[in-house]
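Asks: What follows is final.txt, made up of compact mmCIF, C-alpha atoms:
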```txt
# COMPACT_ATOMS: atom_id res chain seq x y z
CA MET C 1 0.00 0.00 0.00
CA LEU C 2 2.84 2.43 0.82
CA ARG C 3 4.44 1.92 -2.57
CA ARG C 4 1.05 2.44 -4.22
CA LEU C 5 0.51 5.68 -2.33
CA SER C 6 3.92 6.95 -3.37
CA ALA C 7 3.32 6.04 -6.99
CA ALA C 8 -0.14 7.59 -6.88
CA VAL C 9 1.15 10.93 -5.71
CA ALA C 10 3.96 10.89 -8.25
CA GLY C 11 1.47 10.08 -10.98
CA GLY C 12 -0.78 12.91 -9.89
CA LEU C 13 2.00 15.44 -10.49
CA ARG C 14 2.31 14.58 -14.16
CA ARG C 15 -1.04 16.02 -15.25
CA SER C 16 -2.09 19.36 -13.82
CA LEU C 17 -4.11 22.33 -14.99
CA SER C 18 -4.03 25.27 -12.65
CA THR C 19 -1.07 25.50 -10.32
CA ALA C 20 1.29 24.36 -13.06
CA THR C 21 0.38 25.26 -16.64
CA SER C 22 2.28 26.01 -19.81
CA ARG C 23 -0.42 28.33 -21.21
CA PRO C 24 -3.55 29.95 -19.78
CA ARG C 25 -6.50 27.60 -19.49
CA PRO C 26 -9.81 28.08 -17.72
CA ARG C 27 -9.68 26.90 -14.13
CA PRO C 28 -12.19 24.12 -13.37
CA PRO C 29 -14.99 25.32 -11.07
CA TRP C 30 -14.45 22.30 -8.82
CA ALA C 31 -12.06 19.43 -8.25
CA LEU C 32 -12.01 15.87 -6.94
CA VAL C 33 -9.50 15.74 -4.09
CA GLN C 34 -7.92 12.61 -2.69
CA LEU C 35 -4.34 12.25 -1.47
CA THR C 36 -1.96 14.70 0.16
CA SER C 37 1.79 14.22 -0.09
CA VAL C 38 4.86 15.66 1.62
CA ASP C 39 7.47 17.30 -0.60
CA ASP C 40 10.81 16.44 1.02
CA SER C 41 12.90 17.56 -1.94
CA GLY C 42 14.04 20.67 -0.12
CA ALA C 43 12.93 22.92 -2.99
CA PRO C 44 11.83 26.39 -1.80
CA ALA C 45 8.06 26.52 -1.39
CA PRO C 46 6.27 28.96 0.93
CA GLY C 47 3.00 27.06 0.79
CA ALA C 48 1.06 24.09 -0.50
CA SER C 49 0.83 23.23 -4.21
CA PHE C 50 -2.51 22.19 -5.69
CA HIS C 51 -2.07 20.00 -8.75
CA LEU C 52 -5.43 20.88 -10.21
CA ASP C 53 -7.13 18.71 -12.78
CA GLU C 54 -10.65 18.61 -14.14
CA PRO C 55 -12.95 15.74 -13.02
CA PRO C 56 -13.05 12.83 -13.55
CA PHE C 57 -9.28 13.22 -13.07
CA VAL C 58 -8.15 13.52 -9.47
CA THR C 59 -6.42 16.51 -7.89
CA ASN C 60 -3.74 16.08 -5.21
CA LEU C 61 -2.20 18.49 -2.73
CA THR C 62 1.52 18.68 -1.92
CA VAL C 63 2.75 20.22 1.35
CA PRO C 64 6.43 21.14 1.92
CA ALA C 65 8.13 18.95 4.53
CA HIS C 66 9.05 21.90 6.74
CA PHE C 67 5.35 22.40 7.51
CA VAL C 68 4.85 18.78 8.61
CA HIS C 69 8.24 18.41 10.39
CA PRO C 70 8.63 14.66 9.80
CA ARG C 71 11.20 13.01 12.05
CA PRO C 72 14.44 11.78 10.47
CA LEU C 73 14.60 8.22 9.20
CA PRO C 74 15.69 6.17 10.93
CA ASP C 75 14.82 7.83 14.23
CA PRO C 76 18.18 8.60 15.90
CA LYS C 77 16.77 7.76 19.34
CA THR C 78 14.97 4.50 18.60
CA GLY C 79 16.41 3.35 15.28
CA LYS C 80 12.87 2.87 13.96
CA TYR C 81 11.81 3.63 10.42
CA GLY C 82 8.44 5.05 9.48
CA PHE C 83 6.29 6.78 6.92
CA VAL C 84 4.09 9.86 6.66
CA SER C 85 0.65 9.53 5.06
CA GLY C 86 -1.54 12.49 4.20
CA GLN C 87 -5.17 12.94 3.33
CA VAL C 88 -7.78 15.65 2.88
CA GLY C 89 -10.13 14.80 5.72
CA ALA C 90 -12.89 17.33 5.06
CA ILE C 91 -13.76 20.29 2.83
CA SER C 92 -15.78 23.39 3.58
CA SER C 93 -18.57 24.48 1.24
CA ASP C 94 -16.31 27.25 -0.14
CA GLY C 95 -13.20 25.21 -0.91
CA PHE C 96 -11.06 25.34 2.25
CA LEU C 97 -9.43 21.99 3.06
CA LEU C 98 -8.87 20.23 6.36
CA VAL C 99 -5.63 18.31 5.78
CA ARG C 100 -4.18 15.71 8.12
CA PHE C 101 -0.88 13.86 8.25
CA TRP C 102 -0.03 10.74 10.28
CA GLU C 103 3.53 9.70 11.03
CA ALA C 104 3.77 6.05 12.01
CA ARG C 105 6.79 4.03 13.12
CA TYR C 106 7.55 0.34 12.80
CA ASP C 107 10.24 -2.09 13.82
CA ILE C 108 12.52 -3.74 11.30
CA PRO C 109 15.49 -6.05 11.84
CA ALA C 110 18.96 -4.56 12.11
CA ILE C 111 20.27 -3.74 8.65
CA ASN C 112 23.30 -2.08 7.14
CA ASP C 113 23.16 1.29 5.43
CA SER C 114 22.72 0.07 1.87
CA SER C 115 19.46 0.97 0.13
CA SER C 116 19.01 -2.59 -1.13
CA SER C 117 19.10 -3.95 2.43
CA LEU C 118 16.53 -1.40 3.56
CA ALA C 119 14.28 -2.17 0.60
CA SER C 120 14.46 -5.91 1.34
CA ALA C 121 13.59 -5.31 4.98
CA LEU C 122 10.59 -3.16 4.06
CA LEU C 123 9.28 -5.73 1.59
CA GLY C 124 9.37 -8.36 4.32
CA LEU C 125 7.20 -6.38 6.71
CA SER C 126 3.60 -7.22 7.50
CA TRP C 127 0.94 -4.68 8.44
CA ALA C 128 1.29 -5.85 12.03
CA ASP C 129 4.92 -4.73 11.97
CA MET C 130 4.16 -1.42 10.29
CA GLU C 131 1.08 -0.07 11.98
CA ASP C 132 1.37 2.34 14.85
CA ILE C 133 -1.85 2.01 16.84
CA ASN C 134 -1.88 5.71 17.67
CA PRO C 135 0.59 7.53 15.39
CA GLU C 136 1.54 11.16 15.71
CA GLY C 137 -0.66 13.49 13.70
CA SER C 138 -0.81 17.07 12.52
CA ARG C 139 -3.71 18.98 11.00
CA PHE C 140 -3.90 22.04 8.77
CA VAL C 141 -6.53 24.29 7.30
CA SER C 142 -5.51 25.06 3.72
CA ASN C 143 -6.55 27.40 0.97
CA PRO C 144 -5.68 25.15 -1.98
CA LEU C 145 -5.52 27.89 -4.61
CA SER C 146 -3.35 30.36 -2.69
CA GLY C 147 -1.26 27.68 -0.98
CA GLU C 148 -1.83 29.21 2.46
CA LEU C 149 -1.66 26.77 5.39
CA TYR C 150 -2.62 27.17 9.02
CA ARG C 151 -1.45 24.47 11.42
CA LEU C 152 -4.05 23.66 14.05
CA PRO C 153 -2.77 23.37 17.63
CA ASP C 154 -2.49 19.87 19.07
CA LEU C 155 -5.56 18.51 20.80
CA ASP C 156 -5.05 18.24 24.57
CA GLY C 157 -1.34 18.95 24.09
CA THR C 158 -0.58 15.70 22.26
CA LYS C 159 -0.07 14.69 18.64
CA ARG C 160 -1.45 11.21 19.25
CA THR C 161 -5.11 11.92 18.57
CA THR C 162 -6.19 9.39 15.97
CA MET C 163 -9.44 8.86 17.88
CA TYR C 164 -10.59 12.18 16.41
CA HIS C 165 -11.04 10.78 12.95
CA TYR C 166 -14.21 12.46 11.66
CA LEU C 167 -13.53 16.16 11.96
CA GLY C 168 -15.51 18.58 9.83
CA LEU C 169 -14.75 22.11 8.63
CA LEU C 170 -17.41 24.83 8.59
CA THR C 171 -16.78 28.39 7.42
CA GLN C 172 -18.94 31.48 7.79
CA ALA C 173 -18.76 34.72 5.79
CA GLU C 174 -19.82 38.17 6.85
CA GLY C 175 -23.27 38.76 5.40
CA GLY C 176 -23.47 35.12 4.33
CA GLN C 177 -21.52 35.52 1.07
CA GLY C 178 -17.90 35.83 -0.04
CA PRO C 179 -14.67 34.87 1.73
CA PRO C 180 -15.07 33.41 5.22
CA ALA C 181 -14.63 35.60 8.28
CA ARG C 182 -14.38 32.70 10.70
CA TYR C 183 -14.45 28.90 10.80
CA ALA C 184 -14.77 25.92 13.10
CA VAL C 185 -13.21 22.45 13.02
CA ALA C 186 -15.30 20.01 15.01
CA GLU C 187 -16.05 16.39 15.84
CA MET C 188 -19.20 15.02 17.43
CA PHE C 189 -19.26 11.73 19.35
CA SER C 190 -20.59 9.86 22.35
CA LEU C 191 -18.16 8.36 24.84
CA GLY C 192 -17.69 4.62 24.95
CA ASP C 193 -18.66 4.68 28.59
CA GLY C 194 -19.50 7.32 31.15
CA ALA C 195 -22.34 9.52 32.22
CA GLU C 196 -22.68 11.37 28.90
CA GLU C 197 -23.66 8.25 26.98
CA GLU C 198 -25.86 6.85 29.75
CA GLU C 199 -27.89 10.03 29.71
CA GLY C 200 -28.15 9.99 25.91
CA ARG C 201 -25.78 12.95 25.55
CA PHE C 202 -23.19 13.92 22.97
CA VAL C 203 -19.74 15.49 23.26
CA MET C 204 -18.29 17.98 20.80
CA ARG C 205 -14.64 18.95 20.41
CA ARG C 206 -14.19 22.10 18.35
CA PHE C 207 -11.51 24.55 17.27
CA LEU C 208 -12.71 28.12 16.71
CA SER C 209 -10.68 30.47 14.54
CA GLU C 210 -11.82 33.41 16.65
CA THR C 211 -10.15 32.02 19.78
CA GLY C 212 -7.38 29.95 18.21
CA LYS C 213 -8.09 27.20 20.75
CA TRP C 214 -9.84 23.85 21.12
CA ASP C 215 -12.70 23.52 23.57
CA LYS C 216 -14.99 20.72 24.70
CA LEU C 217 -18.76 20.80 25.01
CA VAL C 218 -20.34 17.99 27.01
CA GLY C 219 -23.89 17.03 27.83
CA LEU C 220 -25.40 17.99 24.46
CA PRO C 221 -28.91 16.44 24.26
CA SER C 222 -29.14 13.57 21.80
CA PRO C 223 -31.52 14.01 18.84
CA LEU C 224 -31.48 10.29 17.99
CA PRO C 225 -34.98 8.78 17.72
CA ALA C 226 -33.94 5.29 18.90
CA ALA C 227 -32.66 4.92 22.44
CA GLY C 228 -29.56 2.73 22.71
CA ARG C 229 -28.63 2.92 19.03
CA ARG C 230 -25.34 4.67 18.30
CA MET C 231 -24.15 6.45 15.18
CA ALA C 232 -21.65 4.56 13.01
CA ILE C 233 -19.76 7.19 10.99
CA GLY C 234 -18.03 5.94 7.86
CA ASN C 235 -17.45 8.88 5.50
CA ALA C 236 -16.18 12.46 5.63
CA VAL C 237 -18.23 15.05 7.48
CA VAL C 238 -20.37 17.18 5.13
CA ALA C 239 -20.68 20.97 5.42
CA PHE C 240 -24.13 22.19 4.35
CA GLY C 241 -26.59 24.88 5.37
CA ASP C 242 -24.46 26.46 8.13
CA ARG C 243 -24.11 23.07 9.79
CA LEU C 244 -21.79 20.07 9.85
CA TRP C 245 -23.37 16.68 9.12
CA TRP C 246 -22.06 13.36 10.49
CA ILE C 247 -23.46 10.53 8.38
CA ASP C 248 -24.42 7.01 9.40
CA GLU C 249 -25.09 5.40 6.01
CA SER C 250 -27.39 2.81 7.56
CA TRP C 251 -29.63 5.27 9.36
CA GLY C 252 -29.26 9.04 8.98
CA ALA C 253 -27.28 12.14 9.94
CA VAL C 254 -26.65 14.21 13.05
CA SER C 255 -26.03 17.87 12.26
CA VAL C 256 -25.03 20.90 14.32
CA ASP C 257 -23.74 24.45 13.96
CA PRO C 258 -20.33 24.31 15.72
CA LEU C 259 -19.99 28.10 15.54
CA SER C 260 -23.05 28.62 17.70
CA ASP C 261 -22.76 29.64 21.35
CA ARG C 262 -25.58 27.19 22.10
CA PRO C 263 -25.30 24.39 19.52
CA GLU C 264 -28.41 22.28 19.02
CA LEU C 265 -28.19 18.84 17.44
CA CYS C 266 -30.67 17.66 14.81
CA PHE C 267 -31.24 14.21 13.31
CA THR C 268 -32.24 13.62 9.69
CA GLU C 269 -33.21 10.10 8.69
CA LEU C 270 -32.29 8.61 5.32
CA PRO C 271 -35.07 7.88 2.81
CA ARG C 272 -37.46 5.40 4.37
CA GLY C 273 -36.56 2.48 2.13
CA SER C 274 -32.84 2.95 2.85
CA VAL C 275 -32.95 2.81 6.66
CA LEU C 276 -31.41 -0.43 7.96
CA PRO C 277 -31.60 -2.09 11.39
CA ASP C 278 -28.83 -1.49 13.90
CA LEU C 279 -25.65 -2.99 12.40
CA GLU C 280 -23.22 -2.13 15.18
CA GLY C 281 -20.26 -4.48 15.23
CA MET C 282 -20.98 -5.99 11.82
CA VAL C 283 -18.39 -5.91 9.02
CA LEU C 284 -21.05 -4.51 6.70
CA THR C 285 -21.00 -1.15 8.49
CA ARG C 286 -17.39 -0.53 7.43
CA LYS C 287 -18.21 -1.17 3.77
CA LEU C 288 -21.60 0.49 3.59
CA GLY C 289 -20.12 3.93 2.96
CA ARG C 290 -18.64 2.76 -0.33
CA TYR C 291 -22.09 2.16 -1.78
CA ARG C 292 -24.06 4.95 -0.07
CA ARG C 293 -23.14 8.61 -0.04
CA VAL C 294 -24.56 11.87 1.28
CA GLY C 295 -23.30 15.07 -0.33
CA VAL C 296 -24.26 18.48 -1.66
CA SER C 297 -25.16 19.39 -5.23
CA GLU C 298 -26.82 22.48 -6.69
CA GLY C 299 -27.45 23.85 -3.20
CA LYS C 300 -29.31 20.80 -1.89
CA MET C 301 -28.40 17.84 0.28
CA ARG C 302 -28.32 14.67 -1.82
CA TYR C 303 -28.28 10.97 -1.00
CA VAL C 304 -27.09 8.42 -3.57
CA GLU C 305 -26.95 4.64 -3.27
CA VAL C 306 -26.09 1.72 -5.54
CA SER C 307 -27.99 -1.56 -5.24
CA LYS C 308 -25.89 -4.62 -4.44
CA GLU C 309 -27.53 -6.80 -7.09
CA LYS C 310 -27.25 -6.53 -10.85
CA PRO C 311 -28.05 -4.38 -12.79
CA PHE C 312 -26.63 -2.15 -9.98
CA VAL C 313 -29.38 0.48 -9.84
CA ILE C 314 -28.27 4.01 -8.94
CA SER C 315 -30.87 5.86 -6.86
CA SER C 316 -30.49 9.58 -6.18
CA PHE C 317 -32.59 11.56 -3.67
CA SER C 318 -32.76 15.24 -2.66
CA LEU C 319 -33.70 16.61 0.76
CA ASP C 320 -36.43 19.26 0.87
CA ASP C 321 -35.67 22.74 2.16
CA GLY C 322 -37.27 21.96 5.49
CA GLY C 323 -35.04 18.91 5.98
CA SER C 324 -37.99 16.62 6.66
CA SER C 325 -38.48 14.51 3.54
CA TRP C 326 -36.57 13.07 0.59
CA THR C 327 -37.58 13.05 -3.08
CA LEU C 328 -36.41 10.38 -5.50
CA ASP C 329 -34.92 12.30 -8.44
CA HIS C 330 -33.17 9.59 -10.45
CA GLU C 331 -33.18 5.82 -10.72
CA VAL C 332 -31.07 4.20 -13.43
CA ALA C 333 -29.48 0.79 -14.06
CA PHE C 334 -25.72 1.31 -14.22
CA LEU C 335 -24.86 -2.07 -15.78
CA HIS C 336 -26.69 -1.14 -18.98
CA ILE C 337 -24.70 2.10 -19.22
CA TRP C 338 -21.41 0.29 -18.53
CA MET C 339 -22.10 -2.32 -21.23
CA ASP C 340 -22.91 0.26 -23.89
CA GLY C 341 -20.69 -0.64 -26.83
CA SER C 342 -19.44 2.91 -27.27
CA ASN C 343 -17.69 2.83 -23.88
CA GLN C 344 -15.41 -0.14 -24.62
CA PHE C 345 -15.03 -1.00 -20.94
CA ALA C 346 -13.96 -4.42 -19.75
CA PRO C 347 -16.68 -6.59 -18.18
CA LEU C 348 -17.65 -5.35 -14.72
CA LYS C 349 -16.17 -7.76 -12.17
CA GLU C 350 -17.57 -6.30 -8.96
CA MET C 351 -20.23 -4.03 -7.55
CA PRO C 352 -19.43 -0.38 -8.33
CA ALA C 353 -18.72 1.95 -5.41
CA ILE C 354 -19.67 5.62 -5.16
CA GLY C 355 -16.75 7.97 -5.66
CA ALA C 356 -18.43 11.37 -5.38
CA ILE C 357 -21.52 13.43 -6.15
CA ASP C 358 -20.97 16.24 -8.66
CA PRO C 359 -21.46 19.42 -6.58
CA LEU C 360 -22.57 21.53 -9.55
CA ASN C 361 -24.65 19.05 -11.54
CA SER C 362 -27.05 16.88 -9.56
CA ASN C 363 -27.57 14.64 -12.59
CA VAL C 364 -23.99 13.36 -12.44
CA VAL C 365 -22.44 10.91 -10.00
CA TYR C 366 -18.94 9.40 -10.06
CA LEU C 367 -18.57 5.65 -9.55
CA VAL C 368 -15.47 3.60 -8.79
CA CYS C 369 -15.32 0.46 -10.93
CA GLY C 370 -12.16 -1.47 -10.12
CA ASP C 371 -9.41 1.08 -10.75
CA GLN C 372 -11.60 3.25 -13.00
CA LEU C 373 -13.44 6.40 -11.93
CA VAL C 374 -16.47 6.86 -14.17
CA GLY C 375 -18.75 9.90 -14.43
CA VAL C 376 -22.38 8.92 -15.06
CA ASP C 377 -25.15 11.25 -16.25
CA MET C 378 -28.28 9.71 -14.75
CA VAL C 379 -30.63 11.64 -17.06
CA LYS C 380 -28.86 10.97 -20.35
CA GLU C 381 -27.82 7.50 -19.09
CA LYS C 382 -24.35 7.97 -20.50
CA VAL C 383 -20.75 8.01 -19.27
CA THR C 384 -19.43 11.60 -19.11
CA GLY C 385 -15.77 10.59 -18.75
CA SER C 386 -13.40 8.24 -16.99
CA SER C 387 -9.94 8.15 -15.44
CA ARG C 388 -7.68 5.63 -13.73
CA LEU C 389 -7.32 5.68 -9.95
CA ASP C 390 -3.98 4.66 -8.51
CA VAL C 391 -5.51 4.10 -5.05
CA PRO C 392 -9.23 3.39 -5.55
CA GLU C 393 -9.71 2.47 -1.88
CA PHE C 394 -9.08 6.04 -0.71
CA PRO C 395 -12.13 8.34 -0.53
CA LEU C 396 -12.68 11.16 -3.01
CA LEU C 397 -14.01 14.54 -1.90
CA PRO C 398 -15.57 17.17 -4.19
CA CYS C 399 -14.12 20.66 -3.69
CA VAL C 400 -15.92 23.71 -5.08
CA LEU C 401 -13.53 26.52 -6.10
CA PRO C 402 -15.23 29.96 -5.96
CA ASN C 403 -13.75 32.80 -8.00
CA TRP C 404 -12.67 34.69 -4.89
CA LEU C 405 -10.92 31.73 -3.25
CA GLU C 406 -7.47 32.38 -4.73
CA THR C 407 -7.28 35.86 -3.15
CA SER C 408 -8.95 35.08 0.18
CA GLN C 409 -7.10 34.43 3.42
CA ILE C 410 -7.63 31.96 6.23
CA PRO C 411 -9.05 33.74 9.30
CA TYR C 412 -6.72 33.81 12.32
CA ALA C 413 -7.26 34.84 15.91
CA GLY C 414 -5.36 37.98 16.86
CA TRP C 415 -3.16 38.01 13.78
CA SER C 416 -2.86 40.39 10.84
CA LYS C 417 -1.69 39.08 7.48
CA LYS C 418 0.29 40.58 4.65
CA THR C 419 0.40 38.51 1.49
CA THR C 420 2.67 38.84 -1.50
CA ALA C 421 2.36 36.70 -4.57
CA LYS C 422 5.42 35.59 -6.43
CA ARG C 423 6.26 33.36 -9.36
CA GLU C 424 8.64 30.48 -9.08
CA VAL C 425 9.86 28.16 -11.81
CA SER C 426 9.48 24.45 -11.24
CA PRO C 427 11.95 21.90 -12.68
CA ASP C 428 9.73 21.23 -15.68
CA LYS C 429 9.95 24.98 -16.58
CA LYS C 430 6.24 25.52 -16.02
CA ASP C 431 5.09 28.48 -13.98
CA THR C 432 3.92 27.65 -10.47
CA LEU C 433 2.00 30.19 -8.44
CA HIS C 434 2.64 30.29 -4.71
CA VAL C 435 1.43 32.78 -2.15
CA GLU C 436 3.87 33.75 0.54
CA VAL C 437 2.13 34.66 3.80
CA GLU C 438 3.88 36.82 6.35
CA LEU C 439 2.25 36.73 9.76
CA MET C 440 2.72 39.57 12.18
CA LYS C 441 1.45 39.83 15.76
```
Turn this file's structure into structure tokens for me.

Replies:
Amino acid sequence: MLRRLSAAVAGGLRRSLSTATSRPRPRPPWALVQLTSVDDSGAPAPGASFHLDEPPFVTNLTVPAHFVHPRPLPDPKTGKYGFVSGQVGAISSDGFLLVRFWEARYDIPAINDSSSSLASALLGLSWADMEDINPEGSRFVSNPLSGELYRLPDLDGTKRTTMYHYLGLLTQAEGGQGPPARYAVAEMFSLGDGAEEEEGRFVMRRFLSETGKWDKLVGLPSPLPAAGRRMAIGNAVVAFGDRLWWIDESWGAVSVDPLSDRPELCFTELPRGSVLPDLEGMVLTRKLGRYRRVGVSEGKMRYVEVSKEKPFVISSFSLDDGGSSWTLDHEVAFLHIWMDGSNQFAPLKEMPAIGAIDPLNSNVVYLVCGDQLVGVDMVKEKVTGSSRLDVPEFPLLPCVLPNWLETSQIPYAGWSKKTTAKREVSPDKKDTLHVEVELMK
């Protein structure tokens, strides 16, 4: 998997539209984001680089190593080797990214300094040898078009916080439109044991840009309609309608405004025919999110699912403005579209998974078929395009890119910002735009 991740990131750098272009081309209004890599080349870079490509091709983000501060390999204190993996964990409705990096360590037998000996040792490792149960992590809020990064402070003073896995990012603009004036990063959960869960209460951890600190809200009343049933979150948190939404693909969503002084939780059930019994502890719950997805398109909350039996029917629903009922908008058999002779695809060997919902066209959904990402127009019943995924198991997140995003700044608490744009030349002689941010107290 590590070699595949490395190859995937390298492959993603070969085909880019916006941050590296040889001639002016229109910037896509949105992107499909997946992996985040660390650039340890030592090349000067004041911020992140967004290797922008038009869907169905995937866009990746590269962050300079001096932001992540990876430890030297091998660790001089322990002699352990390791790796750094990065991922976009959540995206705000206006294109800001919540990026996370994990640095895990693993034990390998004593080896000499030759690269061939190290490579042989790595190839002989199992996942049990390589996995760090609670690796060190770092999180950033990023403006992908300007390259600006803001490193979030560690939770509770420690980097080992993998239990906070489903954090969402919500921004808020002055007057409701334009660049954000503040934001919140938050996770909602119930404790495994303790008074909060026994009383049917929720706990929220949140970072507020206005304070620059994490806080903890306990005792939030549960909105869940079934006592004793717990939420099983499997996909990225969705930002929609001034709220963050945590999705249980077997049941429904809990949403809340983390910027509120008195946050109130709400529960929205999935379409009636899609609600399943409590599946806690079953393997199915970990896979369900691949075939069911909640997202936003054309200003509405959408729910899309793929049936597990042939002909793999795609069903797409929209939530009404009151958030009380779902409407079935599309229902189409995907197998018939896949087998259309004009597509020239190989026979479908497995059930397709949902890659993403097009945020600007509610008629289009992206499906993962083996290592292919396929755009499907559910009205025209045709394939809109396809691309190859190097790591199809990793989730894809749609990222809308407003016109003002490239010149907007990430809100900070108690800081003023002076930005200067400059051009640098990358090794392939293409222009690369970075934004250098100078922070002053």

Asks: For a test of reading the model, state the distance in Å between CA of Val68 in chain C and CA of Tyr166 in chain C, rounded to one decimal.

Replies: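 So the two atoms, CA of Val68 in chain C and CA of Tyr166 in chain C, lie 20.3 Å apart.
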
Asks: Return the single residue from C:Ser255, C:Thr59, C:Gln177, C:Gln34 that is closest to Phe202 in chain C, with distances computed using all atoms listed in the file.

Replies: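 Looking only at the distances to Phe202 in chain C, the closest residue turns out to be C:Ser255.
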
Asks: Please provide the set of residues having any atom within 10 Å of Lys287 in chain C, restricted to all atoms listed in the file, with same-chain residues fewer than 6 positions apart removed, written as a ChimeraX atom specification.

Replies: /C:234,249,353

Asks: Restricting the calculation to only C-alpha atoms: of C:Ser386, C:Val63, C:Gly219, C:Pro144, which residue gets closest to Ala31 in chain C?

Replies: C:Pro144

Asks: Kindly give the distance, in Å, that separates CA of Arg292 in chain C and CA of Glu305 in chain C, rounded to a single decimal.

Replies: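 Atom-to-atom, CA of Arg292 in chain C and CA of Glu305 in chain C are spaced 4.3 Å apart.
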
Asks: Just checking: using all atoms listed in the file, which residue out of C:Val58, C:Leu360, C:Ile410, C:Ala43 ends up closest to Val374 in chain C?

Replies: C:Val58

Asks: Which residue is closest to Met351 in chain C? Choose from C:His330, C:Lys382, C:Lys300, C:Lys310 and count all atoms listed in the file.

Replies: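 Counting all atoms listed in the file, the residue closest to Met351 in chain C is C:Lys310.
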
Asks: Which residue, C:Leu288, C:Ile357, C:Leu145, C:Met301, has the smallest gap to Trp404 in chain C when you use all atoms listed in the file?

Replies: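 The closest residue to Trp404 in chain C is C:Leu145.
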
Asks: When you draw a straight line from CA of Val254 in chain C to CA of Asp321 in chain C, how long is it in Å?

Replies: 16.5 Å

Asks: Leaving out Val294 in chain C and any residue of its chain fewer than 5 positions from it, which residues lie within 8 Å of it when counting all atoms listed in the file, given as an MDAnalysis selection string?

Replies: chainID C and resid 238 247 301:304

Asks: Neighbours of Leu367 in chain C within 7 Å (all atoms listed in the file; same-chain residues fewer than 5 positions away dropped), as number ranges by chain?

Replies: C: 352-355, 373-375

Asks: Leaving out range 83-100 of chain C and any residue of its chain fewer than 6 positions from it, which residues lie within 6 Å of it when counting only C-alpha atoms, given as JSON, numbers by chain?

Replies: {"C": [35, 36, 37, 138, 139, 140, 141, 142, 143, 168, 169, 170, 236, 239, 399, 400, 401]}

Asks: With only C-alpha atoms as the basis for distance, which of C:Pro64, C:Gln172, C:Ser222, C:Gly385 is at the shortest distance from Pro44 in chain C?

Replies: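 Ranking C:Pro64, C:Gln172, C:Ser222, C:Gly385 by distance to Pro44 in chain C, first place goes to C:Pro64.
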